[in-house]
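Novice: So here's start_27.cif, just mmCIF, C-alpha atoms and all ligand atoms:
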data_protein
#
loop_
_atom_site.label_atom_id
_atom_site.label_comp_id
_atom_site.auth_asym_id
_atom_site.auth_seq_id
_atom_site.Cartn_x
_atom_site.Cartn_y
_atom_site.Cartn_z
CA MET L 1 94.44 29.56 -33.49
CA THR L 2 97.08 26.84 -33.23
CA ASN L 3 100.06 26.89 -30.86
CA LYS L 4 102.28 27.31 -33.90
CA GLN L 5 100.38 30.37 -35.15
CA ALA L 6 100.26 31.87 -31.66
CA PHE L 7 104.02 31.50 -31.25
CA LYS L 8 104.64 33.04 -34.68
CA GLU L 9 102.53 36.06 -33.76
CA ALA L 10 104.09 36.38 -30.30
CA GLN L 11 107.57 36.34 -31.82
CA GLU L 12 106.63 39.44 -33.82
CA LEU L 13 105.41 41.30 -30.75
CA ILE L 14 107.43 40.03 -27.80
CA ALA L 15 111.17 39.43 -27.72
CA GLY L 16 111.62 35.76 -28.54
CA GLY L 17 107.84 35.32 -28.23
CA VAL L 18 108.04 34.84 -24.45
CA ASN L 19 108.42 36.85 -21.26
CA SER L 20 110.84 34.39 -19.65
CA PRO L 21 113.36 32.47 -21.81
CA VAL L 22 112.72 28.86 -20.72
CA ARG L 23 109.12 29.12 -21.95
CA ALA L 24 110.32 29.20 -25.58
CA PHE L 25 111.17 25.41 -25.49
CA LYS L 26 114.52 26.19 -27.11
CA SER L 27 116.49 23.69 -25.05
CA VAL L 28 114.22 20.86 -26.18
CA GLY L 29 114.36 22.10 -29.79
CA SER L 30 110.63 22.54 -30.13
CA GLU L 31 107.89 25.15 -29.72
CA PRO L 32 105.74 26.12 -26.73
CA ILE L 33 102.12 25.29 -26.07
CA PHE L 34 100.02 28.39 -25.36
CA ILE L 35 97.85 28.00 -22.28
CA GLN L 36 94.17 28.84 -22.46
CA LYS L 37 93.23 27.91 -18.90
CA ALA L 38 94.15 25.65 -16.03
CA LYS L 39 92.29 23.85 -13.26
CA ASP L 40 93.65 21.65 -10.46
CA ALA L 41 96.33 19.31 -11.84
CA TYR L 42 95.74 20.19 -15.49
CA VAL L 43 96.52 22.90 -18.02
CA TYR L 44 94.65 23.28 -21.33
CA ASP L 45 96.25 24.73 -24.45
CA ILE L 46 94.59 26.96 -27.04
CA GLU L 47 94.02 23.92 -29.27
CA GLY L 48 91.87 22.42 -26.52
CA LYS L 49 94.41 19.76 -25.50
CA LYS L 50 94.62 18.80 -21.84
CA TYR L 51 97.90 18.14 -20.01
CA LEU L 52 98.70 16.83 -16.56
CA ASP L 53 100.92 19.64 -15.33
CA PHE L 54 104.21 19.08 -13.49
CA VAL L 55 105.35 22.67 -14.08
CA GLN L 56 102.81 24.25 -11.71
CA SER L 57 104.04 27.70 -12.74
CA TYR L 58 107.56 26.55 -11.71
CA GLY L 59 106.45 26.02 -8.14
CA PRO L 60 103.83 28.47 -6.84
CA CYS L 61 100.64 26.44 -7.33
CA ILE L 62 100.91 23.94 -4.48
CA PHE L 63 97.17 23.19 -4.49
CA GLY L 64 97.14 23.00 -8.27
CA HIS L 65 95.61 25.62 -10.55
CA ALA L 66 92.69 27.95 -9.87
CA ASP L 67 92.05 26.69 -6.35
CA ASN L 68 88.58 27.94 -5.38
CA ASP L 69 89.57 29.40 -2.00
CA ILE L 70 92.58 31.27 -3.39
CA THR L 71 90.63 32.53 -6.40
CA ASN L 72 87.84 33.78 -4.13
CA ALA L 73 90.32 35.51 -1.84
CA ILE L 74 91.81 37.37 -4.81
CA TYR L 75 88.34 38.32 -6.07
CA GLU L 76 87.21 39.57 -2.65
CA ALA L 77 90.42 41.58 -2.24
CA ALA L 78 90.11 43.12 -5.72
CA LYS L 79 86.66 44.48 -4.85
CA ASN L 80 88.36 46.67 -2.22
CA GLY L 81 90.95 48.05 -4.60
CA THR L 82 94.04 46.53 -6.13
CA SER L 83 96.86 48.71 -4.76
CA TYR L 84 97.08 51.65 -2.36
CA GLY L 85 100.71 52.58 -1.78
CA ALA L 86 99.99 52.41 1.95
CA PRO L 87 100.27 49.63 4.53
CA THR L 88 97.45 47.13 5.11
CA LEU L 89 96.67 44.53 7.78
CA LEU L 90 97.14 41.85 5.13
CA GLU L 91 100.91 42.38 5.07
CA SER L 92 101.26 41.78 8.81
CA GLU L 93 98.96 38.76 8.60
CA LEU L 94 101.04 37.07 5.90
CA ALA L 95 104.29 38.11 7.61
CA SER L 96 103.25 36.46 10.88
CA MET L 97 102.26 33.27 9.07
CA ILE L 98 105.78 32.93 7.63
CA ILE L 99 107.65 34.10 10.74
CA ASP L 100 105.78 31.47 12.79
CA ILE L 101 107.37 28.70 10.77
CA TYR L 102 110.84 29.86 9.70
CA PRO L 103 113.74 30.89 11.98
CA ILE L 104 113.46 34.62 11.23
CA GLU L 105 112.08 37.62 13.09
CA GLN L 106 111.19 40.15 10.41
CA ILE L 107 110.34 40.11 6.74
CA ARG L 108 110.06 42.48 3.80
CA PHE L 109 107.79 41.73 0.84
CA VAL L 110 108.81 42.46 -2.74
CA ASN L 111 107.39 41.42 -6.11
CA SER L 112 109.63 38.59 -7.30
CA GLY L 113 112.31 36.16 -6.23
CA THR L 114 114.84 38.21 -8.19
CA GLU L 115 114.07 41.28 -6.11
CA ALA L 116 114.25 39.23 -2.93
CA THR L 117 117.76 37.86 -3.50
CA MET L 118 119.06 41.14 -4.94
CA SER L 119 117.84 43.08 -1.91
CA ALA L 120 118.94 40.39 0.56
CA ILE L 121 122.48 40.57 -0.79
CA ARG L 122 122.51 44.36 -0.50
CA LEU L 123 121.40 44.09 3.11
CA ALA L 124 123.86 41.29 3.88
CA ARG L 125 126.72 43.35 2.45
CA ALA L 126 125.71 46.29 4.61
CA PHE L 127 125.53 44.07 7.69
CA SER L 128 128.86 42.30 7.13
CA LYS L 129 130.47 45.50 5.84
CA ARG L 130 132.15 43.39 3.16
CA ASP L 131 131.48 43.24 -0.58
CA GLY L 132 132.63 39.72 -1.46
CA LEU L 133 129.88 37.31 -2.47
CA ILE L 134 129.98 33.55 -3.04
CA LYS L 135 127.36 31.77 -5.05
CA PHE L 136 127.36 28.16 -6.23
CA ASP L 137 127.83 27.04 -9.78
CA GLY L 138 124.44 25.98 -11.17
CA CYS L 139 122.38 27.74 -8.49
CA TYR L 140 119.97 30.34 -9.80
CA HIS L 141 118.88 33.31 -7.73
CA GLY L 142 117.09 35.43 -10.32
CA HIS L 143 118.68 37.77 -12.82
CA ALA L 144 120.35 40.57 -10.84
CA ASP L 145 123.68 41.62 -12.43
CA MET L 146 126.02 40.39 -9.69
CA LEU L 147 124.47 36.92 -9.80
CA LEU L 148 124.87 36.38 -13.53
CA VAL L 149 128.32 34.83 -13.58
CA ASN L 150 130.00 31.97 -15.38
CA ALA L 151 132.20 30.01 -13.08
CA GLY L 152 135.79 30.41 -14.12
CA SER L 153 138.16 27.46 -13.84
CA GLY L 154 139.64 26.78 -10.41
CA LEU L 155 142.60 28.99 -11.29
CA ALA L 156 140.67 31.94 -12.67
CA THR L 157 141.03 35.03 -10.53
CA PHE L 158 137.75 36.64 -11.54
CA ASN L 159 134.54 35.26 -12.95
CA THR L 160 133.09 36.65 -16.14
CA PRO L 161 129.50 37.75 -16.68
CA SER L 162 127.30 34.99 -18.13
CA SER L 163 125.04 37.51 -19.82
CA SER L 164 126.06 40.29 -22.13
CA GLY L 165 125.11 43.69 -20.81
CA VAL L 166 126.47 42.87 -17.36
CA SER L 167 129.56 44.97 -16.62
CA LYS L 168 132.73 43.25 -15.46
CA ASN L 169 132.60 45.47 -12.40
CA ALA L 170 129.16 44.20 -11.43
CA VAL L 171 130.53 40.66 -10.99
CA LYS L 172 133.98 41.69 -9.75
CA ASP L 173 133.14 40.67 -6.16
CA THR L 174 131.23 37.51 -7.08
CA TYR L 175 133.00 34.18 -6.54
CA THR L 176 131.59 30.79 -7.47
CA ALA L 177 132.05 27.60 -5.52
CA VAL L 178 131.14 23.99 -6.29
CA TYR L 179 127.85 22.72 -4.82
CA ASN L 180 128.28 20.11 -2.08
CA ASP L 181 132.03 20.81 -1.88
CA ILE L 182 133.10 22.69 1.25
CA ASN L 183 136.76 22.85 0.20
CA SER L 184 135.84 24.81 -2.89
CA VAL L 185 134.14 27.37 -0.61
CA LYS L 186 137.30 27.71 1.47
CA GLU L 187 139.34 28.13 -1.71
CA GLN L 188 137.10 30.94 -2.89
CA ILE L 189 137.27 32.69 0.48
CA ASN L 190 141.07 32.62 0.22
CA LEU L 191 141.04 33.70 -3.41
CA ALA L 192 138.83 36.67 -2.55
CA ARG L 193 141.15 37.59 0.30
CA LYS L 194 144.08 37.68 -2.13
CA ASN L 195 142.04 40.04 -4.31
CA ASN L 196 141.36 42.31 -1.33
CA SER L 197 137.65 41.53 -1.47
CA ASP L 198 136.69 39.73 1.74
CA ILE L 199 133.66 37.47 1.47
CA GLY L 200 130.74 38.87 3.48
CA VAL L 201 127.86 36.92 1.94
CA ILE L 202 127.21 33.37 0.79
CA ILE L 203 123.96 32.64 -1.04
CA ILE L 204 122.82 29.10 -1.74
CA GLU L 205 119.78 27.14 -2.85
CA PRO L 206 119.87 24.62 0.04
CA ILE L 207 117.79 22.39 -2.19
CA ALA L 208 118.85 23.30 -5.70
CA GLY L 209 116.11 23.35 -8.29
CA ASN L 210 117.67 25.25 -11.15
CA MET L 211 120.38 22.82 -12.31
CA GLY L 212 117.76 20.16 -12.23
CA PHE L 213 116.73 19.01 -8.77
CA ILE L 214 119.86 18.52 -6.63
CA PRO L 215 119.56 18.61 -2.85
CA ALA L 216 122.53 19.65 -0.75
CA LYS L 217 124.11 17.02 1.50
CA LYS L 218 123.38 17.57 5.16
CA GLU L 219 127.03 17.47 6.17
CA PHE L 220 127.90 20.05 3.53
CA LEU L 221 125.29 22.52 4.79
CA GLN L 222 126.40 21.94 8.38
CA ASP L 223 130.01 22.63 7.38
CA LEU L 224 128.90 25.71 5.48
CA ARG L 225 127.01 27.01 8.52
CA LYS L 226 130.10 26.46 10.68
CA LEU L 227 132.40 28.13 8.18
CA CYS L 228 130.11 31.16 7.94
CA ASP L 229 130.09 31.45 11.75
CA GLU L 230 133.87 31.28 11.91
CA GLU L 231 134.35 33.81 9.14
CA LYS L 232 131.42 36.04 10.19
CA ILE L 233 129.85 35.60 6.77
CA VAL L 234 126.10 36.17 6.31
CA LEU L 235 124.59 32.90 5.08
CA ILE L 236 121.52 33.35 2.86
CA PHE L 237 119.26 30.41 2.08
CA ASP L 238 117.47 31.10 -1.17
CA GLU L 239 114.23 29.23 -0.47
CA VAL L 240 112.29 30.97 -3.23
CA MET L 241 111.57 27.52 -4.66
CA SER L 242 112.07 25.15 -1.70
CA GLY L 243 110.22 27.26 0.87
CA PHE L 244 106.82 25.67 1.60
CA ARG L 245 107.59 23.28 -1.27
CA ALA L 246 110.17 20.76 -0.06
CA ALA L 247 108.57 20.86 3.39
CA TYR L 248 106.36 23.22 5.36
CA GLY L 249 109.49 24.71 6.93
CA GLY L 250 111.54 24.32 3.73
CA ALA L 251 115.21 23.38 3.85
CA CYS L 252 115.59 25.01 7.28
CA GLU L 253 113.28 22.31 8.67
CA ILE L 254 114.64 19.43 6.62
CA TYR L 255 118.29 20.10 7.45
CA ASP L 256 117.65 21.69 10.85
CA ILE L 257 119.95 24.59 10.03
CA LYS L 258 119.38 28.25 10.77
CA PRO L 259 120.68 30.55 8.03
CA ASP L 260 121.14 34.27 8.72
CA MET L 261 118.72 35.31 6.02
CA ILE L 262 116.03 33.58 3.96
CA CYS L 263 114.57 34.51 0.58
CA PHE L 264 111.05 33.49 -0.36
CA GLY L 265 108.85 33.66 -3.44
CA LYS L 266 106.69 31.30 -5.48
CA VAL L 267 104.38 29.44 -2.98
CA ILE L 268 104.04 32.40 -0.57
CA GLY L 269 102.20 34.37 -3.27
CA GLY L 270 99.68 31.64 -4.06
CA GLY L 271 100.34 32.15 -7.78
CA LEU L 272 100.55 35.94 -7.76
CA PRO L 273 103.81 37.91 -8.17
CA VAL L 274 105.55 37.95 -4.77
CA GLY L 275 108.97 37.66 -3.20
CA ALA L 276 110.22 38.27 0.32
CA TYR L 277 113.42 38.36 2.30
CA ALA L 278 113.73 37.88 6.00
CA ALA L 279 116.22 37.75 8.87
CA SER L 280 116.73 38.63 12.52
CA LYS L 281 115.60 42.06 13.71
CA GLU L 282 119.24 43.00 14.10
CA ILE L 283 119.80 42.59 10.36
CA MET L 284 116.39 43.84 9.18
CA GLN L 285 116.69 47.09 11.18
CA LEU L 286 119.39 48.19 8.75
CA LEU L 287 116.69 48.66 6.11
CA SER L 288 115.29 52.08 5.31
CA PRO L 289 113.27 53.82 6.84
CA ILE L 290 115.14 52.86 10.06
CA GLY L 291 118.53 52.06 8.61
CA SER L 292 120.65 53.14 5.67
CA VAL L 293 119.98 50.29 3.21
CA TYR L 294 117.54 51.42 0.55
CA GLN L 295 114.91 49.18 -1.01
CA ALA L 296 111.37 50.08 -2.08
CA GLY L 297 108.47 49.00 -4.32
CA THR L 298 105.28 50.62 -5.67
CA LEU L 299 103.42 47.31 -5.66
CA SER L 300 105.28 45.62 -2.79
CA GLY L 301 102.92 43.96 -0.30
CA ASN L 302 100.20 44.17 -2.92
CA PRO L 303 96.79 43.35 -1.39
CA LEU L 304 95.84 40.80 -4.06
CA ALA L 305 99.14 38.96 -3.70
CA MET L 306 98.98 39.10 0.12
CA SER L 307 95.41 37.76 0.04
CA ALA L 308 96.41 34.89 -2.24
CA GLY L 309 99.29 34.05 0.11
CA ILE L 310 97.08 34.22 3.21
CA ALA L 311 94.43 32.02 1.57
CA THR L 312 97.17 29.51 0.73
CA PHE L 313 98.44 29.33 4.31
CA LYS L 314 94.95 29.12 5.78
CA LYS L 315 94.51 25.86 3.87
CA LEU L 316 98.02 24.49 3.87
CA LYS L 317 98.75 21.99 6.63
CA LYS L 318 101.97 20.39 7.72
CA GLN L 319 100.30 17.06 7.04
CA ASP L 320 99.89 17.97 3.35
CA TYR L 321 103.64 17.53 2.86
CA LYS L 322 103.37 13.84 3.71
CA THR L 323 100.73 13.49 1.01
CA LEU L 324 102.78 15.45 -1.52
CA ALA L 325 105.99 13.58 -0.72
CA ALA L 326 104.22 10.23 -1.07
CA VAL L 327 102.99 11.13 -4.56
CA ALA L 328 106.40 12.44 -5.70
CA LYS L 329 108.16 9.42 -4.21
CA GLU L 330 105.83 7.01 -5.94
CA LEU L 331 106.64 8.65 -9.28
CA CYS L 332 110.39 8.55 -8.60
CA ASP L 333 110.34 4.95 -7.35
CA PHE L 334 108.44 3.96 -10.45
CA MET L 335 110.93 5.71 -12.78
CA ASN L 336 113.95 4.23 -10.99
CA GLU L 337 112.53 0.70 -11.06
CA TYR L 338 111.43 0.92 -14.67
CA ALA L 339 114.85 2.24 -15.69
CA LYS L 340 116.63 -0.56 -13.84
CA GLU L 341 114.43 -3.31 -15.29
CA ASN L 342 114.88 -1.98 -18.79
CA ASN L 343 118.54 -0.99 -18.64
CA ILE L 344 117.89 2.69 -19.13
CA SER L 345 120.32 5.28 -17.75
CA LEU L 346 117.91 7.30 -15.68
CA CYS L 347 117.66 8.19 -12.02
CA ALA L 348 115.03 10.13 -10.12
CA LYS L 349 114.81 11.69 -6.68
CA ASN L 350 112.37 13.78 -4.63
CA ILE L 351 112.10 15.82 -1.47
CA GLY L 352 108.55 16.72 -0.57
CA SER L 353 106.68 17.92 -3.64
CA MET L 354 109.86 18.63 -5.66
CA PHE L 355 111.32 15.93 -7.87
CA GLY L 356 113.90 15.57 -10.57
CA PHE L 357 115.39 13.00 -12.91
CA PHE L 358 118.51 12.83 -15.05
CA PHE L 359 119.49 10.58 -17.93
CA LEU L 360 122.51 9.38 -15.97
CA ASP L 361 123.49 6.17 -14.13
CA GLU L 362 124.16 7.99 -10.89
CA TYR L 363 122.31 10.90 -9.39
CA PRO L 364 124.45 14.09 -9.70
CA ASN L 365 125.61 16.15 -6.72
CA ASN L 366 126.68 19.31 -8.53
CA TYR L 367 126.33 21.20 -11.78
CA ASP L 368 129.29 19.61 -13.59
CA GLU L 369 127.84 16.16 -12.91
CA ALA L 370 124.35 17.31 -13.94
CA LYS L 371 125.74 18.60 -17.23
CA LYS L 372 126.73 15.06 -18.20
CA SER L 373 123.04 14.20 -18.50
CA ASP L 374 121.94 13.32 -22.03
CA THR L 375 120.06 16.42 -23.17
CA ASN L 376 119.07 14.93 -26.53
CA LYS L 377 117.43 12.02 -24.77
CA PHE L 378 115.63 14.48 -22.54
CA ALA L 379 114.42 16.50 -25.55
CA ARG L 380 112.95 13.38 -27.18
CA PHE L 381 111.41 12.23 -23.90
CA HIS L 382 109.92 15.66 -23.23
CA LYS L 383 108.30 15.75 -26.65
CA LYS L 384 106.81 12.25 -26.26
CA MET L 385 105.51 13.06 -22.79
CA LEU L 386 103.81 16.17 -24.13
CA GLU L 387 102.24 14.12 -26.94
CA ASN L 388 100.98 11.75 -24.26
CA GLY L 389 99.41 14.55 -22.24
CA ILE L 390 102.11 15.25 -19.67
CA ASN L 391 103.50 18.77 -19.28
CA LEU L 392 107.09 18.75 -17.97
CA ALA L 393 109.32 21.82 -17.85
CA PRO L 394 111.12 22.08 -21.21
CA SER L 395 114.66 21.66 -19.87
CA THR L 396 116.61 18.96 -18.12
CA TYR L 397 117.80 21.67 -15.69
CA GLU L 398 114.36 22.36 -14.22
CA THR L 399 112.60 20.73 -11.30
CA ALA L 400 109.22 19.02 -11.50
CA PHE L 401 106.42 19.63 -8.99
CA VAL L 402 103.45 17.66 -7.77
CA CYS L 403 100.43 19.47 -6.35
CA LEU L 404 97.73 18.53 -3.87
CA SER L 405 95.21 17.80 -6.61
CA MET L 406 97.31 14.90 -7.89
CA LYS L 407 95.86 11.60 -6.71
CA GLU L 408 95.90 7.91 -7.74
CA GLU L 409 94.37 8.70 -11.12
CA GLN L 410 97.05 11.26 -11.99
CA ILE L 411 99.85 8.96 -10.81
CA LYS L 412 98.51 6.31 -13.15
CA GLU L 413 98.35 8.80 -16.02
CA PHE L 414 101.98 9.72 -15.49
CA LYS L 415 103.11 6.09 -15.38
CA GLU L 416 101.25 5.14 -18.56
CA ALA L 417 102.68 8.11 -20.45
CA PHE L 418 106.16 7.47 -19.09
CA LYS L 419 106.15 3.87 -20.33
CA LYS L 420 105.15 5.00 -23.81
CA ALA L 421 107.55 7.96 -23.94
CA ILE L 422 110.65 6.28 -22.55
CA CYS L 423 110.94 3.39 -25.00
CA GLU L 424 110.42 5.34 -28.20
C1 LIG D 501 112.49 31.20 -9.26
C2 LIG D 501 113.67 31.45 -8.42
C3 LIG D 501 114.19 32.74 -8.24
C4 LIG D 501 113.71 33.92 -9.00
O1 LIG D 501 112.38 34.23 -8.72
P1 LIG D 501 111.55 35.13 -9.78
O2 LIG D 501 110.24 35.34 -9.11
O3 LIG D 501 111.48 34.33 -11.02
O4 LIG D 501 112.33 36.38 -9.97
C5 LIG D 501 115.23 32.91 -7.34
N1 LIG D 501 115.74 31.87 -6.67
C6 LIG D 501 115.29 30.61 -6.84
C7 LIG D 501 115.89 29.49 -6.04
C8 LIG D 501 114.25 30.36 -7.72
O5 LIG D 501 113.83 29.11 -7.91
#
Starting from the file, lay out its structure as structure tokens.

Specialist:
Amino acid sequence: MTNKQAFKEAQELIAGGVNSPVRAFKSVGSEPIFIQKAKDAYVYDIEGKKYLDFVQSYGPCIFGHADNDITNAIYEAAKNGTSYGAPTLLESELASMIIDIYPIEQIRFVNSGTEATMSAIRLARAFSKRDGLIKFDGCYHGHADMLLVNAGSGLATFNTPSSSGVSKNAVKDTYTAVYNDINSVKEQINLARKNNSDIGVIIIEPIAGNMGFIPAKKEFLQDLRKLCDEEKIVLIFDEVMSGFRAAYGGACEIYDIKPDMICFGKVIGGGLPVGAYAASKEIMQLLSPIGSVYQAGTLSGNPLAMSAGIATFKKLKKQDYKTLAAVAKELCDFMNEYAKENNISLCAKNIGSMFGFFFLDEYPNNYDEAKKSDTNKFARFHKKMLENGINLAPSTYETAFVCLSMKEEQIKEFKEAFKKAICE
């Protein structure tokens, strides 16, 4: 079967042919490749074509695909049953591995990043006893109702839902600020106050990966931390993507800032469905069964997912992030130099194993700036890269990832393909 036929069939059976919208390749005006299998740095489609993969399942596969140790751990766990609805030692083992590294005392595992942020916000609202929520324009925290908002203009009193089916009431307490702009946060706090909805929670991707790759400025995050302390606002770092990706200790380590709560996902599940949220004991004790905040899950703390996470952390070393960062930096340096030499509007940047590039002269600092990037150019470039055996996420607003199975040979492959794709 060809990719084209597979997509046609899938579109009959599954809404839009995909189980997550970006996979449909709509924003690059083309059609998806269907994956047959993957190993290390490569994915193979159902037509037998091989691609060097910079999607890495949108982050989870830090060792690359089908790592032998992780695969074996899943297999061994499955032999003992796949789900019990009762606690296991695996949950405590994985919890301690994460708590050792991040500035948190307790954790709760869920099944996706969406669940993690949704539950974290519920808990943060209970702790602050305030309903008002600030998120940043262009940051993505999964698809819970209150997070699906279109930023109104500076003068707009209330934001509107960005998805149909979300009630106006669900986003009534959600305010959006501009990334890397502390004044816009202060404005929103005041605006909320006028609307009798005090801000109790601020959620941010400290290293944004869902408006393309845009890291926060250190000073901005420091100011944000200070503001949250002054206003007694619970600051949530959504490290679903950046956790164990940008650095071993994620953005908390890179910026040396302690948020009040942290959300995890992606890497901590070693490629299986996992999310988690974490905070001090003081905050976490508000959760049921001790406290009054309800949150539950039939498959939460699933033994296969926990085993995949544990196997990941048994192998993963702090040192690995130097290796990953060196590979990502070499790719970015190469793109920046090539663009400069050839008068192409393109700039690239990385932190650790995350990297991004925009068809712009200057690297953007927020969503409005990112939106100026030439999406048609990206669509053409993406198509050419795919033809040359490189799998990039099919949108200019996604981040690219390197994995530990990318070495000299893969760097060379990327560069060769880039040179061909960029000039056509
Ligand atoms: C991927 C992602 C999510 C959502 O996680 P899912 O597992 O897809 O629900 C939330 N926040 C950030 C920063 C993400 O990158």

Novice: Write out as a PDB file with C-alpha atoms, in the frame of the given file each polymer residue (protein, DNA or RNA) that has an atom no more than 6 Å from ligand LIG 501 (chain D), with only C-alpha atoms and all ligand atoms counted.

Specialist:
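What ended up in selection_29.pdb:
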ATOM      1  CA  SER L 112     109.630  38.590  -7.300  1.00  0.00           C
ATOM      2  CA  GLY L 113     112.310  36.160  -6.230  1.00  0.00           C
ATOM      3  CA  THR L 114     114.840  38.210  -8.190  1.00  0.00           C
ATOM      4  CA  TYR L 140     119.970  30.340  -9.800  1.00  0.00           C
ATOM      5  CA  HIS L 141     118.880  33.310  -7.730  1.00  0.00           C
ATOM      6  CA  GLY L 142     117.090  35.430 -10.320  1.00  0.00           C
ATOM      7  CA  GLU L 205     119.780  27.140  -2.850  1.00  0.00           C
ATOM      8  CA  ASP L 238     117.470  31.100  -1.170  1.00  0.00           C
ATOM      9  CA  GLU L 239     114.230  29.230  -0.470  1.00  0.00           C
ATOM     10  CA  VAL L 240     112.290  30.970  -3.230  1.00  0.00           C
ATOM     11  CA  MET L 241     111.570  27.520  -4.660  1.00  0.00           C
TER      12      MET L 241
END

Novice: To one decimal place, how far is CA of Lys232 in chain L from CA of Gln285 in chain L in Å?

Specialist: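 Computing it gives 18.4 Å between the two atoms.
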
Novice: Pick out the closest residue to Ser83 in chain L from this set: L:Ala305, L:Ala417, L:Cys332, L:Ile204. Count only C-alpha atoms.

Specialist: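 Going through L:Ala305, L:Ala417, L:Cys332, L:Ile204 one by one, the smallest distance to Ser83 in chain L is for L:Ala305.
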
Novice: Figure out the distance between CA of Lys258 in chain L and CA of Ile62 in chain L, please, to one decimal in Å.

Specialist: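 Answer for the CA of Ile62 in chain L to CA of Lys258 in chain L separation: 24.3 Å.
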
Novice: Can you measure CA of Gly352 in chain L to CA of Val327 in chain L for me? One decimal in Å is fine.

Specialist: 8.8 Å

Novice: Just want the 6 Å neighbourhood of range 51-53 of chain L, counted on only C-alpha atoms, with same-chain residues fewer than 4 positions away dropped. Output as an NGL selection string.

Specialist: :L and (41-43 or 389-391)

Novice: Restricting the calculation to only C-alpha atoms: of L:Ala247, L:Leu287, L:Ala10, L:Ala170, which residue gets closest to Ala124 in chain L?

Specialist: L:Leu287

Novice: Between L:Phe109, L:Tyr397, L:Phe264, L:Tyr321, which is the closest to Pro364 in chain L once you count all atoms listed in the file?

Specialist: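 Using all atoms listed in the file, Pro364 in chain L sits closest to L:Tyr397.
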
Novice: Which residues are close to Arg225 in chain L, i.e. within 9 Å by all atoms listed in the file, leaving aside same-chain residues fewer than 6 positions away? Reply as a list of chain:residue names.

Specialist: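 Near neighbours after the sequence-gap exclusion: L:Leu235, L:Ile257, L:Lys258, L:Pro259.
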
Novice: Identify which of the residues L:Ser405, L:Asn376, L:Asn350, L:Thr298 lies closest to Val110 in chain L, counting only C-alpha atoms when measuring atom-to-atom distances.

Specialist: L:Thr298

Novice: Which polymer residues have any atom within 7 Å of an atom of range 213-215 of chain L, counting all atoms listed in the file, with same-chain residues fewer than 4 positions away left out, as a VMD selection string?

Specialist: chain L and resid 206 to 209 355 to 356 365 398 to 399

Novice: Taking C-alpha atoms for each residue, export the selection above as a compact mmCIF listing (two decimals), in the frame of the given file.

Specialist:
# COMPACT_ATOMS: atom_id res chain seq x y z
CA PRO L 206 119.87 24.62 0.04
CA ILE L 207 117.79 22.39 -2.19
CA ALA L 208 118.85 23.30 -5.70
CA GLY L 209 116.11 23.35 -8.29
CA PHE L 355 111.32 15.93 -7.87
CA GLY L 356 113.90 15.57 -10.57
CA ASN L 365 125.61 16.15 -6.72
CA GLU L 398 114.36 22.36 -14.22
CA THR L 399 112.60 20.73 -11.30

Novice: Near Asp229 in chain L, counting all atoms listed in the file, which residues have an atom at most 12 Å away, once you skip same-chain residues fewer than 6 positions from it, shown as a list of chain:residue names?

Specialist: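 Contacts, with the query itself left out: L:Ser128, L:Gly200, L:Val201, L:Ile202, L:Gln222, L:Asp223, L:Leu235, L:Lys258, L:Pro259, L:Asp260.
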
Novice: Can those selected residues be exported to a file as a PDB file, in the coordinates of the input so that it contains C-alpha atoms?

Specialist:
ATOM      1  CA  SER L 128     128.860  42.300   7.130  1.00  0.00           C
ATOM      2  CA  GLY L 200     130.740  38.870   3.480  1.00  0.00           C
ATOM      3  CA  VAL L 201     127.860  36.920   1.940  1.00  0.00           C
ATOM      4  CA  ILE L 202     127.210  33.370   0.790  1.00  0.00           C
ATOM      5  CA  GLN L 222     126.400  21.940   8.380  1.00  0.00           C
ATOM      6  CA  ASP L 223     130.010  22.630   7.380  1.00  0.00           C
ATOM      7  CA  LEU L 235     124.590  32.900   5.080  1.00  0.00           C
ATOM      8  CA  LYS L 258     119.380  28.250  10.770  1.00  0.00           C
ATOM      9  CA  PRO L 259     120.680  30.550   8.030  1.00  0.00           C
ATOM     10  CA  ASP L 260     121.140  34.270   8.720  1.00  0.00           C
TER      11      ASP L 260
END

Novice: Would you kindly return, as number ranges by chain, each protein, DNA or RNA residue with an atom no farther than 12 Å from any atom of range 64-80 of chain L, considering only C-alpha atoms and excluding same-chain residues fewer than 4 positions away?

Specialist: L: 37-44, 52-60, 84, 88, 90, 267-272, 302-316, 324, 353, 401-407

Novice: Of the residues L:Asp368, L:Glu337, L:Glu115, L:Glu230, which is the one nearest to Phe136 in chain L, using only C-alpha atoms?

Specialist: L:Asp368
